[in-house]
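Engineer: One structure coming up, written as structure tokens, with questions to follow.
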Amino acid sequence: MFTFNSIEPQLRSPGAGEVWKTLDLSHELPPESTGAIIQIQNTDVSFPRHCGLRKPGSTVEVIGDLNHGNYTWGLVGCDADRKIEAFAPTFATMLYWVMGYTGRNVHFLDTAIEFALVQQVWQDLDCSPYIPANADAAIFNLSCLAAAYGKYAIRKKGSADVHYAYFGQNFPILGLDANMKAEIWPLGVGVSRIRCFLTGYIVGGITMHTNSIDISPAVLGSWQSGIISAYNDTTHFAIIETAGEAVPQPWGIRKGGSLRPILGNIRDHQWAYPHC
């Protein structure tokens, strides 16, 4: 079993109700898996809708907006019965696709740890009290209840990356420096206040770059292959961060050879974990 493992995408949506609902993924996840790889898609063509993922047993309300017509990817821990919790918005417009599962070197905290944030300044996310010193990456959950106004940049401590963009619900995976630190720059007050949680970590089986590699396609408006293999032809999965412009543009990421036509709106800050 690898760190990340793919399956044929399976739709497991929670419906409606503005409540947390339990999703039984025992048919999609093998017994030894520790969590699920989920793609969240808002099919509403006009309005942002609430979404969220959490490990069963957690009481943390990590709920954010996902803009209309957009999607994002996330990692979430499962319990011993291979169940997760997903937030159902007011209307049944949010689709949760099971894209794969995580191996035993991916660990999820039973209760997410929230970091106190200061607006418009780079600040450390010190993970050392919560994860082992040999962790290679940390798993975060960022939420904002006003997707048009919350904005952030996040990076490994020591990185020169500066990718600002608006968002509503994100699940970054970041490398850490020797002191188990990452960095964040948040912008959002009131209803658009950004909340940042540590939800897990990865030990081994993953390579994290200090500075990200720009893989933006040279040709726009069509699906293109070989984007990742140009940099590493042995990898099984990729961790991809997108940061869009003020004018909405369509975007999509999928496994090579897939025919899934799902596109999103790249005005937002999003993350994806596709199988290569």
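Chain labels A, B, ... are given in the sequence in which chains occur in the structure tokens; within each chain residues are numbered consecutively from 1, and ligands are likewise numbered from 1 in the order shown.
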Got a sec: who's within 8 Å of A:Asp177, counting only C-alpha atoms, leaving out chain neighbours fewer than 6 positions off, as a list in words?
Structural biologist: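 So the residues in contact are Lys156, Lys157 and Gly158 of chain A.
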Engineer: With C-alpha atoms kept, could you save the residues just selected as a PDB file, in the first residue's frame?
Structural biologist:
```pdb
ATOM      1  CA  LYS A 156       6.777  25.396   4.218  1.00  0.00           C
ATOM      2  CA  LYS A 157       8.892  27.431   6.629  1.00  0.00           C
ATOM      3  CA  GLY A 158      11.857  28.715   4.617  1.00  0.00           C
TER       4      GLY A 158
END
```
Engineer: Which residues come within 8 Å of stretch 8-16 of chain A, counting only C-alpha atoms, excluding same-chain residues fewer than 4 positions away, as a ChimeraX atom specification?
Structural biologist: /A:21-23,28,86-100
Engineer: Now that the selection is made, can you save its residues with N, CA and C atoms as a JSON list (two decimals), in the first residue's frame?
Structural biologist:
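And here is the file that came out, result36.json:
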```json
[["chain", "number", "residue", "atom", "x", "y", "z"],
["A", 21, "LYS", "N", -23.05, 14.69, 8.43],
["A", 21, "LYS", "CA", -23.60, 13.36, 8.18],
["A", 21, "LYS", "C", -22.46, 12.35, 8.05],
["A", 22, "THR", "N", -22.72, 11.15, 8.52],
["A", 22, "THR", "CA", -21.73, 10.07, 8.45],
["A", 22, "THR", "C", -21.82, 9.36, 7.11],
["A", 23, "LEU", "N", -20.65, 9.17, 6.49],
["A", 23, "LEU", "CA", -20.57, 8.42, 5.23],
["A", 23, "LEU", "C", -19.81, 7.13, 5.49],
["A", 28, "GLU", "N", -15.37, 1.30, -0.23],
["A", 28, "GLU", "CA", -14.34, 1.98, -1.02],
["A", 28, "GLU", "C", -12.95, 1.87, -0.39],
["A", 86, "ALA", "N", -19.10, 14.19, 6.63],
["A", 86, "ALA", "CA", -19.13, 15.24, 5.61],
["A", 86, "ALA", "C", -20.27, 16.18, 5.92],
["A", 87, "PHE", "N", -20.06, 17.47, 5.64],
["A", 87, "PHE", "CA", -21.10, 18.46, 5.95],
["A", 87, "PHE", "C", -22.05, 18.60, 4.77],
["A", 88, "ALA", "N", -23.35, 18.48, 5.07],
["A", 88, "ALA", "CA", -24.39, 18.63, 4.05],
["A", 88, "ALA", "C", -24.92, 20.06, 4.08],
["A", 89, "PRO", "N", -24.87, 20.79, 2.97],
["A", 89, "PRO", "CA", -25.35, 22.17, 2.95],
["A", 89, "PRO", "C", -26.88, 22.24, 2.96],
["A", 90, "THR", "N", -27.39, 23.46, 2.89],
["A", 90, "THR", "CA", -28.84, 23.67, 2.92],
["A", 90, "THR", "C", -29.54, 22.92, 1.81],
["A", 91, "PHE", "N", -28.95, 22.95, 0.63],
["A", 91, "PHE", "CA", -29.51, 22.23, -0.52],
["A", 91, "PHE", "C", -28.52, 21.15, -0.95],
["A", 92, "ALA", "N", -29.03, 20.12, -1.59],
["A", 92, "ALA", "CA", -28.19, 18.97, -1.96],
["A", 92, "ALA", "C", -27.38, 19.25, -3.22],
["A", 93, "THR", "N", -26.55, 20.28, -3.14],
["A", 93, "THR", "CA", -25.75, 20.68, -4.31],
["A", 93, "THR", "C", -24.29, 20.26, -4.19],
["A", 94, "MET", "N", -23.88, 19.75, -3.03],
["A", 94, "MET", "CA", -22.48, 19.41, -2.81],
["A", 94, "MET", "C", -22.25, 17.93, -3.05],
["A", 95, "LEU", "N", -21.34, 17.62, -3.97],
["A", 95, "LEU", "CA", -21.00, 16.24, -4.29],
["A", 95, "LEU", "C", -19.67, 15.89, -3.64],
["A", 96, "TYR", "N", -19.61, 14.74, -2.98],
["A", 96, "TYR", "CA", -18.38, 14.25, -2.37],
["A", 96, "TYR", "C", -17.96, 12.98, -3.12],
["A", 97, "TRP", "N", -16.85, 13.08, -3.85],
["A", 97, "TRP", "CA", -16.35, 11.95, -4.62],
["A", 97, "TRP", "C", -15.19, 11.29, -3.86],
["A", 98, "VAL", "N", -15.27, 9.99, -3.65],
["A", 98, "VAL", "CA", -14.17, 9.24, -3.04],
["A", 98, "VAL", "C", -13.18, 8.91, -4.16],
["A", 99, "MET", "N", -11.99, 9.51, -4.07],
["A", 99, "MET", "CA", -10.98, 9.34, -5.12],
["A", 99, "MET", "C", -9.91, 8.31, -4.75],
["A", 100, "GLY", "N", -9.81, 7.99, -3.45],
["A", 100, "GLY", "CA", -8.80, 7.04, -3.02],
["A", 100, "GLY", "C", -8.71, 6.98, -1.51]]
```
Engineer: Got a sec: who's within 8 Å of A:Val162, counting only C-alpha atoms, leaving out chain neighbours fewer than 4 positions off, as a ChimeraX atom specification?
Structural biologist: /A:153-155
Engineer: Between atom CA of A:Tyr201 and atom CA of A:Ala135, what is the spacing in Å?
Structural biologist: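 A separation of 6.4 Å between them.
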Engineer: Which residues, written as a PyMOL selection string, have at least one atom at most 10 Å from A:Asp214, with only C-alpha atoms counted and residues fewer than 2 positions away on the same chain left out?
Structural biologist: chain A and resi 211-212+216-217+240-242
Engineer: Generate a file of the selected residues that holds C-alpha atoms, formatted as a short mmCIF file (atom, residue, chain, number, x, y, z; two decimals), in the first residue's frame.
Structural biologist:
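Produced file result23.cif, reproduced below:
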```cif
data_model
loop_
_atom_site.label_atom_id
_atom_site.label_comp_id
_atom_site.auth_asym_id
_atom_site.auth_seq_id
_atom_site.Cartn_x
_atom_site.Cartn_y
_atom_site.Cartn_z
CA ASN A 211 9.77 25.84 -3.21
CA SER A 212 6.96 24.68 -5.46
CA SER A 216 1.08 25.74 -15.38
CA PRO A 217 0.13 24.45 -18.85
CA ILE A 240 -0.90 20.48 -6.52
CA GLU A 241 -1.75 24.02 -5.39
CA THR A 242 -3.68 26.34 -7.69
#
```
Engineer: Would you compute the distance between atom CA of A:Tyr71 and atom CA of A:Gln123? Give it in Å to one decimal.
Structural biologist: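 Interatomic distance, atom CA of A:Tyr71 to atom CA of A:Gln123: 27.6 Å.
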Engineer: Point out the residue among A:Phe197, A:Phe47, A:Tyr164, A:Phe171 with the least atom-to-atom distance to A:Leu109, counting only C-alpha atoms.
Structural biologist: A:Phe197
Engineer: Would you return as a ChimeraX atom specification the members of stretch 138-217 of chain A that DSSP assigns to strand (DSSP E or B) on this structure's backbone?
Structural biologist: /A:138-143,151-156,165-166,169-170,173-175,181-187,195-202
Engineer: Could you tell me how far atom CA of A:Ala133 lies from atom CA of A:Lys181, in Å and to one decimal?
Structural biologist: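 Atom CA of A:Lys181 lies at a distance of 10.6 Å from atom CA of A:Ala133.
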Engineer: Could you check which of A:Asp79, A:Ser128, A:His275, A:Gly57 is closest to A:Ile7, using only C-alpha atoms?
Structural biologist: A:His275
